[in-house]
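What follows is one structure encoded as structure tokens, with my remarks underneath.
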Amino acid sequence: NGAVFSKVRGSQSGHDSTRWHVVRKFLGLIASHNIPVYLIDPLILGLVDKDIEQIRSSPDGPSPECKYFCAPRDFTTFALLDKTWKHEVGLFRTAEKMGFQWLKIINKDPRLDGMDDLSGIEIPLHYIFKLASHAIHLVVFYERSGNYLWHGPLRLKQHADRKFVPFRKLHFGRYPGAYEKPELLLVSIDDLKVQIPKNPSSFLEEMSHSRFLECRYREARAFFQLYPDDASLDAVEFRKKAKSLLHLAALTLNNLGVKFWLSSGTCLGWYRQCNVIPHSKDVDLGVFIRDYKTDIIPAFQKAGLPLKHKFGKIEDSLELSFQGEGDVKLDIFFFYEEDDHIWNGGTQAKSGKKFKYLFPKFTLCWTEFVELKVHVPCETLQYVEANYGPDWKVPVKMWDWKSSPSNVQYNGVWPVDEWDDVIQIY
């Protein structure tokens with residue numbers, strides 16, 4: 001696996017070729033232990049992406065000189081799927097014999113925070129192999145129940161050598177990240193055989209928005225100690241229906257390429273109790289109005305969710321509601337960006353009154369909710385507080401969407417001659 005070449009083709013300065021030799025040696029090391037790794041280095045993938053057609057079509061690589069692995073950088077990043085490999089000790093021994101120094105970064109498996117007794121188990125998250133002036137950063141990815149890959153943060157323990165490599169420059173590890181499982185392609189780059197994501201540009205795009213927020217399991221446990229969970233048949237049935245509705249909505253919007261996030265009560269349920277709030281009776285999603293597509297309504301109808309109501313218009317206060325199974329409905333609120341805030345609208349059907357819900361600006365992160373990889377506002381606390389006020393931790397059974405939210409403002413009345421367009425009930 002790339003370990004048999006004796007020299008780099010073409011000529012380059014000593015430092016450039018050092019990087020190539022370290023990568024070659026590392027590929028030899030992992031090949032000798034049958035460890036399938038793939039290249040996720042953003043700098044190299046960016047260069048590769050420009051020449052991807054040539055690289056795909058040429059079994060021996062595109063150019064005689066060392067163009068990719070000799071590019072100036074302090075480290076090269078690879079990924080490893082946890083379930084494909086388990087035997088560490090021999091690998092480290094071989095690495096030392098080959099002249100590598102290594103560092104293993106382990107931390108608690110956050111999924112076990114949801115359980116009381118097992119929360120001490122630590123898992124490997126990152127490995128760093130260093131030779132001469134170059135380092136290899138090996139990021140460990142775990143498959144999770146939402147059918148996606150997760151990597152953990154890179155947090156050094158107190159006694160760790162912080163000068164081992166320039167940790168702050170590492171591309172992976174500042175935050176946990178979530179990714180789709182990539183399709184891989186075996187290619188030859190600079191005379192080295194490596195696996196890369198089949199579509200480097202979409203991987204790089206994913207990487208720029210990969211930050212992941214773990215559900216707050218401990219806080220959820222504390223919440224349920226104060227307010228025991230509703231385990232009635234009705235609550236269990238509602239949660240089951242809400243979960244399947246959310247999965248169907250995600251599938252529909254993802255197929256359309258429409259980015260969405262958990263909003264309102266669904267977001268509060270995730271943040272406060274890691275679950276659907278059983279008395280909420282609907283599933284709430286947010287979508288930026290810039291991502292609106294005219295085929296959203298037909299796509300949901302095709303998925304078996306009839307339109308229940310459509311309020312507002314694209315330029316102002318648009319919201320859609322679809323009927324799910326039983327009495328569970330799906331509400332999609334469209335959000336409008338202003339200079340210093342973001343808002344979504346509400347309409348009272350019988351009076352034509354308009355309302356506006358103001359939020360501080362936010363960005364989107366991934367999380368896992370009811371076995372689904374889904375977006376939430378990264379600034380979740382500010383988002384939830386805007387909507388539910390400082391007492392958001394206290395469950396409220398009686399909620400009036402026109403007066404209960406902390407961020408609601410009266411926003412005038414729809415002109416009567418527009419009612420046929422802006423208040424449609426089916």
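Just remember, in the structure tokens the first chain shown is A, the second B, etc., residues are 1-based per chain, and ligands are 1-based in the order shown.
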Identify, with DSSP run on backbone atoms, the residues in range 262-330 of chain A assigned to strand (DSSP E), and express the list as a list in words. Leu262, Asp282, Val283, Asp284, Leu285, Gly286, Val287, Phe288, Leu307, Lys308, His309, Lys310, Phe311, Gly312, Lys313, Asp316, Ser317, Leu318, Glu319, Leu320, Ser321, Phe322, Gln323, Lys329 and Leu330 of chain A
Hey, what's within 12 Å of range 151-158 of chain A if we count only C-alpha atoms and toss same-chain stuff fewer than 4 positions away? As JSON, numbers by chain, please? {"A": [79, 80, 81, 82, 103, 104, 105, 106, 107, 108, 109, 110, 111, 122, 123, 124, 125, 126, 127, 128, 137, 138, 139, 140, 141, 142, 143, 144, 162, 163, 164, 165, 167, 168, 169, 170, 171, 172, 173, 174, 175, 176, 177, 178, 179, 180, 207, 210, 211, 212, 213, 214]}
Suppose we keep N, CA and C atoms; can you now write the selection as a short mmCIF file (atom, residue, chain, number, x, y, z; two decimals), in the first residue's frame?
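Result file is again.cif:
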data_model
loop_
_atom_site.label_atom_id
_atom_site.label_comp_id
_atom_site.auth_asym_id
_atom_site.auth_seq_id
_atom_site.Cartn_x
_atom_site.Cartn_y
_atom_site.Cartn_z
N ALA A 79 -8.39 9.63 8.09
CA ALA A 79 -9.52 9.18 8.92
C ALA A 79 -9.48 7.66 9.04
N LEU A 80 -9.99 7.18 10.18
CA LEU A 80 -10.07 5.75 10.45
C LEU A 80 -11.47 5.47 10.99
N LEU A 81 -12.14 4.46 10.44
CA LEU A 81 -13.43 4.06 10.99
C LEU A 81 -13.18 3.12 12.15
N ASP A 82 -13.71 3.46 13.32
CA ASP A 82 -13.43 2.70 14.54
C ASP A 82 -13.68 1.21 14.37
N LEU A 103 1.09 9.76 19.83
CA LEU A 103 0.26 10.26 20.92
C LEU A 103 -1.16 9.77 20.68
N LYS A 104 -1.77 9.24 21.73
CA LYS A 104 -3.15 8.73 21.61
C LYS A 104 -4.03 9.61 22.49
N ILE A 105 -5.12 10.13 21.93
CA ILE A 105 -6.02 11.00 22.71
C ILE A 105 -7.32 10.25 22.93
N ILE A 106 -7.62 9.96 24.19
CA ILE A 106 -8.86 9.25 24.51
C ILE A 106 -9.76 10.16 25.34
N ASN A 107 -11.05 9.89 25.30
CA ASN A 107 -11.98 10.63 26.14
C ASN A 107 -13.23 9.81 26.33
N LYS A 108 -14.08 10.30 27.20
CA LYS A 108 -15.31 9.57 27.51
C LYS A 108 -16.22 9.50 26.29
N ASP A 109 -16.87 8.36 26.10
CA ASP A 109 -17.85 8.23 25.02
C ASP A 109 -19.10 9.00 25.44
N PRO A 110 -19.43 10.10 24.76
CA PRO A 110 -20.54 10.94 25.21
C PRO A 110 -21.89 10.23 25.18
N ARG A 111 -22.01 9.19 24.35
CA ARG A 111 -23.29 8.47 24.29
C ARG A 111 -23.62 7.81 25.62
N GLU A 122 -13.75 5.13 28.30
CA GLU A 122 -13.08 6.06 27.40
C GLU A 122 -12.81 5.39 26.06
N ILE A 123 -12.86 6.18 25.01
CA ILE A 123 -12.65 5.65 23.66
C ILE A 123 -11.57 6.46 22.97
N PRO A 124 -10.81 5.85 22.04
CA PRO A 124 -9.81 6.62 21.31
C PRO A 124 -10.48 7.58 20.33
N LEU A 125 -10.05 8.82 20.32
CA LEU A 125 -10.64 9.83 19.43
C LEU A 125 -9.67 10.31 18.36
N HIS A 126 -8.38 10.44 18.74
CA HIS A 126 -7.38 10.95 17.79
C HIS A 126 -6.06 10.25 18.06
N TYR A 127 -5.31 10.00 16.99
CA TYR A 127 -3.92 9.53 17.10
C TYR A 127 -3.05 10.52 16.34
N ILE A 128 -1.85 10.76 16.87
CA ILE A 128 -0.90 11.59 16.13
C ILE A 128 0.42 10.84 16.05
N HIS A 137 -2.04 13.21 11.46
CA HIS A 137 -3.18 13.29 12.38
C HIS A 137 -4.21 12.27 11.90
N LEU A 138 -4.48 11.27 12.74
CA LEU A 138 -5.43 10.22 12.39
C LEU A 138 -6.69 10.42 13.24
N VAL A 139 -7.80 10.78 12.58
CA VAL A 139 -9.05 11.09 13.28
C VAL A 139 -9.92 9.83 13.29
N VAL A 140 -10.39 9.44 14.47
CA VAL A 140 -11.21 8.23 14.57
C VAL A 140 -12.69 8.61 14.43
N PHE A 141 -13.36 7.98 13.46
CA PHE A 141 -14.79 8.21 13.25
C PHE A 141 -15.59 7.03 13.78
N TYR A 142 -16.72 7.35 14.41
CA TYR A 142 -17.62 6.32 14.96
C TYR A 142 -18.96 6.39 14.23
N GLU A 143 -19.49 5.20 13.92
CA GLU A 143 -20.81 5.17 13.29
C GLU A 143 -21.86 5.28 14.39
N ARG A 144 -22.83 6.18 14.20
CA ARG A 144 -23.83 6.37 15.25
C ARG A 144 -25.21 6.05 14.74
N ARG A 162 2.12 19.63 25.21
CA ARG A 162 1.40 20.54 24.31
C ARG A 162 2.26 21.04 23.16
N LYS A 163 3.56 20.71 23.22
CA LYS A 163 4.45 21.15 22.13
C LYS A 163 4.69 20.03 21.13
N PHE A 164 4.03 18.90 21.32
CA PHE A 164 4.27 17.72 20.47
C PHE A 164 4.03 18.05 19.00
N VAL A 165 2.91 18.72 18.72
CA VAL A 165 2.62 19.26 17.37
C VAL A 165 1.87 20.58 17.58
N PHE A 167 -1.03 21.93 17.90
CA PHE A 167 -2.41 21.43 18.03
C PHE A 167 -3.44 22.42 17.52
N ARG A 168 -3.17 23.70 17.74
CA ARG A 168 -4.18 24.70 17.35
C ARG A 168 -4.40 24.75 15.85
N LYS A 169 -3.42 24.27 15.09
CA LYS A 169 -3.56 24.31 13.63
C LYS A 169 -4.33 23.11 13.08
N LEU A 170 -4.53 22.08 13.89
CA LEU A 170 -5.19 20.87 13.39
C LEU A 170 -6.60 21.20 12.91
N HIS A 171 -6.97 20.64 11.78
CA HIS A 171 -8.27 20.97 11.18
C HIS A 171 -9.44 20.26 11.85
N PHE A 172 -9.17 19.11 12.47
CA PHE A 172 -10.25 18.33 13.08
C PHE A 172 -9.99 18.24 14.57
N GLY A 173 -10.99 18.55 15.36
CA GLY A 173 -10.82 18.35 16.79
C GLY A 173 -11.14 19.55 17.65
N ARG A 174 -11.23 20.72 17.04
CA ARG A 174 -11.63 21.88 17.86
C ARG A 174 -13.03 21.64 18.42
N TYR A 175 -13.88 21.06 17.57
CA TYR A 175 -15.23 20.66 18.00
C TYR A 175 -15.46 19.23 17.54
N PRO A 176 -16.45 18.55 18.15
CA PRO A 176 -16.89 17.28 17.56
C PRO A 176 -17.51 17.59 16.19
N GLY A 177 -17.54 16.58 15.30
CA GLY A 177 -18.10 16.79 13.97
C GLY A 177 -18.97 15.63 13.53
N ALA A 178 -19.91 15.91 12.63
CA ALA A 178 -20.79 14.86 12.09
C ALA A 178 -20.72 14.90 10.57
N TYR A 179 -20.66 13.71 9.97
CA TYR A 179 -20.50 13.58 8.51
C TYR A 179 -21.37 12.44 8.00
N GLU A 180 -21.75 12.56 6.73
CA GLU A 180 -22.35 11.40 6.05
C GLU A 180 -21.22 10.39 5.78
N MET A 207 -17.35 19.56 5.61
CA MET A 207 -16.41 19.85 6.69
C MET A 207 -16.61 21.25 7.26
N SER A 210 -19.58 21.13 9.85
CA SER A 210 -19.70 19.80 10.47
C SER A 210 -19.87 19.83 11.99
N ARG A 211 -19.82 21.02 12.60
CA ARG A 211 -19.81 21.08 14.06
C ARG A 211 -21.02 20.38 14.67
N PHE A 212 -20.76 19.58 15.70
CA PHE A 212 -21.79 18.72 16.30
C PHE A 212 -22.00 19.09 17.76
N LEU A 213 -23.26 19.17 18.18
CA LEU A 213 -23.60 19.39 19.60
C LEU A 213 -24.20 18.12 20.16
N GLU A 214 -23.65 17.66 21.25
CA GLU A 214 -24.20 16.47 21.90
C GLU A 214 -25.44 16.87 22.69
#
Where in range 147-366 of chain A does DSSP assign helix (DSSP H, G or I), given as a count of residues only? 66
Counting only C-alpha atoms, which of A:Cys267, A:Trp343, A:Asp295, A:Asp420 gets nearest to Trp392 in chain A?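 Using only C-alpha atoms, Trp392 in chain A sits closest to A:Cys267.
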Can you pull out every residue within 8 Å of Ile40 in chain A, counting only C-alpha atoms, but drop anything in the same chain fewer than 6 positions away, and send it as a list in words?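 The contact residues come out as Thr77, Phe78, Ala79, Ile196 and Pro197 of chain A.
Proximity to Gln323 in chain A was assessed for A:Val287, A:Leu245, A:Val376, A:Val37 counting only C-alpha atoms; the smallest distance is recorded for A:Leu245.
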For the interface of range 335-426 of chain A with range 274-283 of chain A (cut-off 12 Å, counting only C-alpha atoms), please tabulate each contacting residue of range 335-426 of chain A alongside its nearest pair of atoms and their separation in Å to one decimal, rows sorted by chain and increasing number, as CSV.
residue,atom,partner,partner_atom,distance
A:Thr367,CA,A:Cys274,CA,10.6
A:Glu368,CA,A:Cys274,CA,9.3
A:Phe369,CA,A:Cys274,CA,7.2
A:Val370,CA,A:Asn275,CA,7.0
A:Glu371,CA,A:Asn275,CA,10.6
A:Leu372,CA,A:Asn275,CA,11.9
A:Pro395,CA,A:Ile277,CA,9.1
A:Val396,CA,A:His279,CA,9.3
A:Lys397,CA,A:His279,CA,6.9
A:Met398,CA,A:His279,CA,9.5
A:Trp399,CA,A:Ser280,CA,9.3
A:Asp400,CA,A:Ser280,CA,11.8
A:Trp401,CA,A:Ser280,CA,11.9
If you keep all heavy atoms, can you produce a file of those selected residues as a short mmCIF file (atom, residue, chain, number, x, y, z; two decimals), in the first residue's frame?
data_model
loop_
_atom_site.label_atom_id
_atom_site.label_comp_id
_atom_site.auth_asym_id
_atom_site.auth_seq_id
_atom_site.Cartn_x
_atom_site.Cartn_y
_atom_site.Cartn_z
N THR A 367 -26.85 17.69 15.40
CA THR A 367 -27.01 16.91 16.61
C THR A 367 -27.67 15.61 16.22
O THR A 367 -27.98 15.38 15.05
CB THR A 367 -27.84 17.66 17.67
OG1 THR A 367 -27.71 16.96 18.92
CG2 THR A 367 -29.33 17.72 17.29
N GLU A 368 -27.87 14.74 17.23
CA GLU A 368 -28.66 13.53 16.98
C GLU A 368 -29.90 13.61 17.85
O GLU A 368 -29.82 13.89 19.05
CB GLU A 368 -27.86 12.27 17.33
CG GLU A 368 -28.60 11.00 16.98
CD GLU A 368 -27.84 9.75 17.38
OE1 GLU A 368 -26.62 9.67 17.15
OE2 GLU A 368 -28.48 8.84 17.95
N PHE A 369 -31.05 13.40 17.23
CA PHE A 369 -32.33 13.49 17.95
C PHE A 369 -33.23 12.38 17.43
O PHE A 369 -33.38 12.24 16.22
CB PHE A 369 -32.96 14.86 17.72
CG PHE A 369 -34.22 15.11 18.50
CD1 PHE A 369 -34.24 15.06 19.88
CD2 PHE A 369 -35.41 15.40 17.84
CE1 PHE A 369 -35.40 15.31 20.60
CE2 PHE A 369 -36.58 15.65 18.55
CZ PHE A 369 -36.58 15.60 19.93
N VAL A 370 -33.80 11.60 18.31
CA VAL A 370 -34.62 10.42 17.97
C VAL A 370 -34.01 9.66 16.78
O VAL A 370 -34.67 9.35 15.79
CB VAL A 370 -36.11 10.78 17.73
CG1 VAL A 370 -36.74 11.28 19.01
CG2 VAL A 370 -36.32 11.82 16.63
N GLU A 371 -32.70 9.32 16.94
CA GLU A 371 -31.97 8.52 15.96
C GLU A 371 -31.92 9.17 14.57
O GLU A 371 -32.02 8.49 13.55
CB GLU A 371 -32.53 7.10 15.87
CG GLU A 371 -32.36 6.34 17.17
CD GLU A 371 -32.88 4.93 17.11
OE1 GLU A 371 -33.41 4.52 16.06
OE2 GLU A 371 -32.75 4.23 18.12
N LEU A 372 -31.77 10.49 14.57
CA LEU A 372 -31.72 11.22 13.31
C LEU A 372 -30.63 12.28 13.42
O LEU A 372 -30.55 13.00 14.42
CB LEU A 372 -33.08 11.90 13.07
CG LEU A 372 -33.29 12.64 11.76
CD1 LEU A 372 -33.35 11.68 10.58
CD2 LEU A 372 -34.60 13.44 11.80
N PRO A 395 -41.73 23.08 32.71
CA PRO A 395 -42.72 22.69 31.69
C PRO A 395 -44.01 23.52 31.82
O PRO A 395 -44.46 23.81 32.92
CB PRO A 395 -43.02 21.22 32.01
CG PRO A 395 -42.00 20.79 32.98
CD PRO A 395 -41.44 22.00 33.65
N VAL A 396 -44.56 23.91 30.68
CA VAL A 396 -45.83 24.65 30.64
C VAL A 396 -46.81 23.86 29.79
O VAL A 396 -46.53 23.60 28.62
CB VAL A 396 -45.61 26.06 30.01
CG1 VAL A 396 -46.94 26.80 29.90
CG2 VAL A 396 -44.62 26.87 30.83
N LYS A 397 -47.95 23.47 30.37
CA LYS A 397 -48.91 22.67 29.60
C LYS A 397 -49.83 23.56 28.75
O LYS A 397 -50.24 23.19 27.67
CB LYS A 397 -49.77 21.81 30.55
CG LYS A 397 -48.97 20.75 31.34
CD LYS A 397 -48.93 19.43 30.61
CE LYS A 397 -47.98 18.45 31.27
NZ LYS A 397 -48.59 17.42 32.03
N MET A 398 -50.13 24.74 29.27
CA MET A 398 -51.04 25.65 28.54
C MET A 398 -50.21 26.71 27.84
O MET A 398 -49.60 27.56 28.49
CB MET A 398 -52.03 26.31 29.52
CG MET A 398 -52.92 25.32 30.26
SD MET A 398 -53.81 24.21 29.15
CE MET A 398 -54.93 25.35 28.38
N TRP A 399 -50.19 26.66 26.54
CA TRP A 399 -49.31 27.55 25.76
C TRP A 399 -50.15 28.23 24.69
O TRP A 399 -50.81 27.57 23.90
CB TRP A 399 -48.19 26.72 25.13
CG TRP A 399 -47.19 27.53 24.36
CD1 TRP A 399 -47.14 27.68 23.01
CD2 TRP A 399 -46.07 28.26 24.88
NE1 TRP A 399 -46.08 28.48 22.65
CE2 TRP A 399 -45.40 28.85 23.78
CE3 TRP A 399 -45.58 28.49 26.16
CZ2 TRP A 399 -44.26 29.64 23.92
CZ3 TRP A 399 -44.45 29.28 26.30
CH2 TRP A 399 -43.81 29.84 25.20
N ASP A 400 -50.10 29.55 24.66
CA ASP A 400 -50.81 30.30 23.62
C ASP A 400 -49.78 30.93 22.69
O ASP A 400 -49.00 31.79 23.11
CB ASP A 400 -51.67 31.40 24.27
CG ASP A 400 -52.50 32.16 23.21
OD1 ASP A 400 -52.03 32.30 22.07
OD2 ASP A 400 -53.60 32.61 23.54
N TRP A 401 -49.77 30.49 21.44
CA TRP A 401 -48.72 30.94 20.51
C TRP A 401 -48.76 32.45 20.25
O TRP A 401 -47.78 33.03 19.81
CB TRP A 401 -48.80 30.16 19.19
CG TRP A 401 -50.11 30.34 18.45
CD1 TRP A 401 -51.24 29.59 18.59
CD2 TRP A 401 -50.42 31.33 17.47
NE1 TRP A 401 -52.24 30.05 17.76
CE2 TRP A 401 -51.76 31.11 17.05
CE3 TRP A 401 -49.71 32.38 16.89
CZ2 TRP A 401 -52.40 31.91 16.09
CZ3 TRP A 401 -50.33 33.18 15.93
CH2 TRP A 401 -51.66 32.94 15.53
#
What lies within 9 Å of range 47-53 of chain A using only C-alpha atoms, ignoring chain neighbours under 4 positions off, as a PyMOL selection string? chain A and resi 42-43+57-58+62+67-68+189+199-201
Since we have the selection now, will you write its residues out, keeping all heavy atoms, as a short mmCIF file (atom, residue, chain, number, x, y, z; two decimals), in the first residue's frame?
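Here's the written file part-v5.cif:
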data_model
loop_
_atom_site.label_atom_id
_atom_site.label_comp_id
_atom_site.auth_asym_id
_atom_site.auth_seq_id
_atom_site.Cartn_x
_atom_site.Cartn_y
_atom_site.Cartn_z
N PRO A 42 -7.80 18.71 4.35
CA PRO A 42 -8.49 19.69 3.51
C PRO A 42 -7.57 20.37 2.49
O PRO A 42 -7.99 20.66 1.38
CB PRO A 42 -9.06 20.71 4.50
CG PRO A 42 -8.40 20.44 5.80
CD PRO A 42 -7.90 19.04 5.78
N LEU A 43 -6.31 20.59 2.88
CA LEU A 43 -5.39 21.26 1.95
C LEU A 43 -5.15 20.37 0.72
O LEU A 43 -5.26 20.80 -0.43
CB LEU A 43 -4.07 21.56 2.66
CG LEU A 43 -3.07 22.30 1.78
CD1 LEU A 43 -3.17 23.81 2.03
CD2 LEU A 43 -1.65 21.84 2.02
N SER A 57 -8.78 9.25 -13.88
CA SER A 57 -8.58 8.52 -15.14
C SER A 57 -7.16 7.97 -15.28
O SER A 57 -6.90 7.14 -16.13
CB SER A 57 -8.88 9.44 -16.32
OG SER A 57 -8.03 10.56 -16.26
N SER A 58 -6.24 8.45 -14.45
CA SER A 58 -4.86 8.00 -14.60
C SER A 58 -4.47 7.09 -13.44
O SER A 58 -4.36 7.54 -12.30
CB SER A 58 -3.95 9.22 -14.62
OG SER A 58 -2.63 8.83 -14.37
N PRO A 62 -1.30 11.85 -11.82
CA PRO A 62 -1.37 12.83 -12.90
C PRO A 62 -0.05 13.46 -13.34
O PRO A 62 0.08 13.86 -14.46
CB PRO A 62 -2.28 13.91 -12.32
CG PRO A 62 -2.08 13.80 -10.85
CD PRO A 62 -1.72 12.39 -10.55
N LYS A 67 3.35 16.92 -6.26
CA LYS A 67 2.54 18.14 -6.27
C LYS A 67 1.66 18.27 -5.03
O LYS A 67 1.36 19.37 -4.58
CB LYS A 67 1.67 18.10 -7.53
CG LYS A 67 0.74 19.28 -7.71
CD LYS A 67 0.01 19.17 -9.02
CE LYS A 67 -0.99 20.29 -9.19
NZ LYS A 67 -1.77 20.16 -10.42
N TYR A 68 1.21 17.14 -4.50
CA TYR A 68 0.18 17.17 -3.44
C TYR A 68 0.79 16.96 -2.06
O TYR A 68 0.67 17.82 -1.19
CB TYR A 68 -0.90 16.12 -3.74
CG TYR A 68 -1.46 16.26 -5.14
CD1 TYR A 68 -0.97 15.50 -6.20
CD2 TYR A 68 -2.46 17.20 -5.41
CE1 TYR A 68 -1.47 15.67 -7.49
CE2 TYR A 68 -2.96 17.37 -6.69
CZ TYR A 68 -2.45 16.60 -7.74
OH TYR A 68 -2.94 16.77 -8.99
N ILE A 189 -1.70 9.19 -5.93
CA ILE A 189 -1.33 10.61 -5.85
C ILE A 189 0.15 10.67 -5.49
O ILE A 189 0.56 10.09 -4.47
CB ILE A 189 -2.16 11.34 -4.76
CG1 ILE A 189 -3.65 11.24 -5.06
CG2 ILE A 189 -1.75 12.79 -4.65
CD1 ILE A 189 -4.52 11.79 -3.95
N ASN A 199 -16.08 12.29 -3.80
CA ASN A 199 -16.37 13.67 -4.20
C ASN A 199 -15.70 14.63 -3.21
O ASN A 199 -16.31 15.05 -2.23
CB ASN A 199 -17.89 13.87 -4.23
CG ASN A 199 -18.26 15.21 -4.82
OD1 ASN A 199 -17.46 16.16 -4.80
ND2 ASN A 199 -19.47 15.32 -5.33
N PRO A 200 -14.42 14.98 -3.45
CA PRO A 200 -13.70 15.80 -2.47
C PRO A 200 -14.38 17.14 -2.18
O PRO A 200 -14.41 17.59 -1.04
CB PRO A 200 -12.33 16.04 -3.12
CG PRO A 200 -12.19 14.96 -4.14
CD PRO A 200 -13.58 14.63 -4.60
N SER A 201 -14.99 17.78 -3.22
CA SER A 201 -15.56 19.11 -2.98
C SER A 201 -16.75 19.03 -2.04
O SER A 201 -16.94 19.89 -1.18
CB SER A 201 -15.93 19.80 -4.28
OG SER A 201 -16.86 19.03 -4.99
#
Which residues come within 8 Å of Asn407 in chain A, counting only C-alpha atoms, excluding same-chain residues fewer than 5 positions away, as a list of chain:residue names?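 Once the nearby chain positions are removed, what remains is A:Lys356, A:Tyr357, A:Leu358, A:Phe359, A:Ala386, A:Asn387, A:Tyr388.
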Could you tell me how far CA of Leu285 in chain A sits from CA of Gly146 in chain A, in Å to one decimal place?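 Interatomic distance, CA of Gly146 in chain A to CA of Leu285 in chain A: 18.1 Å.
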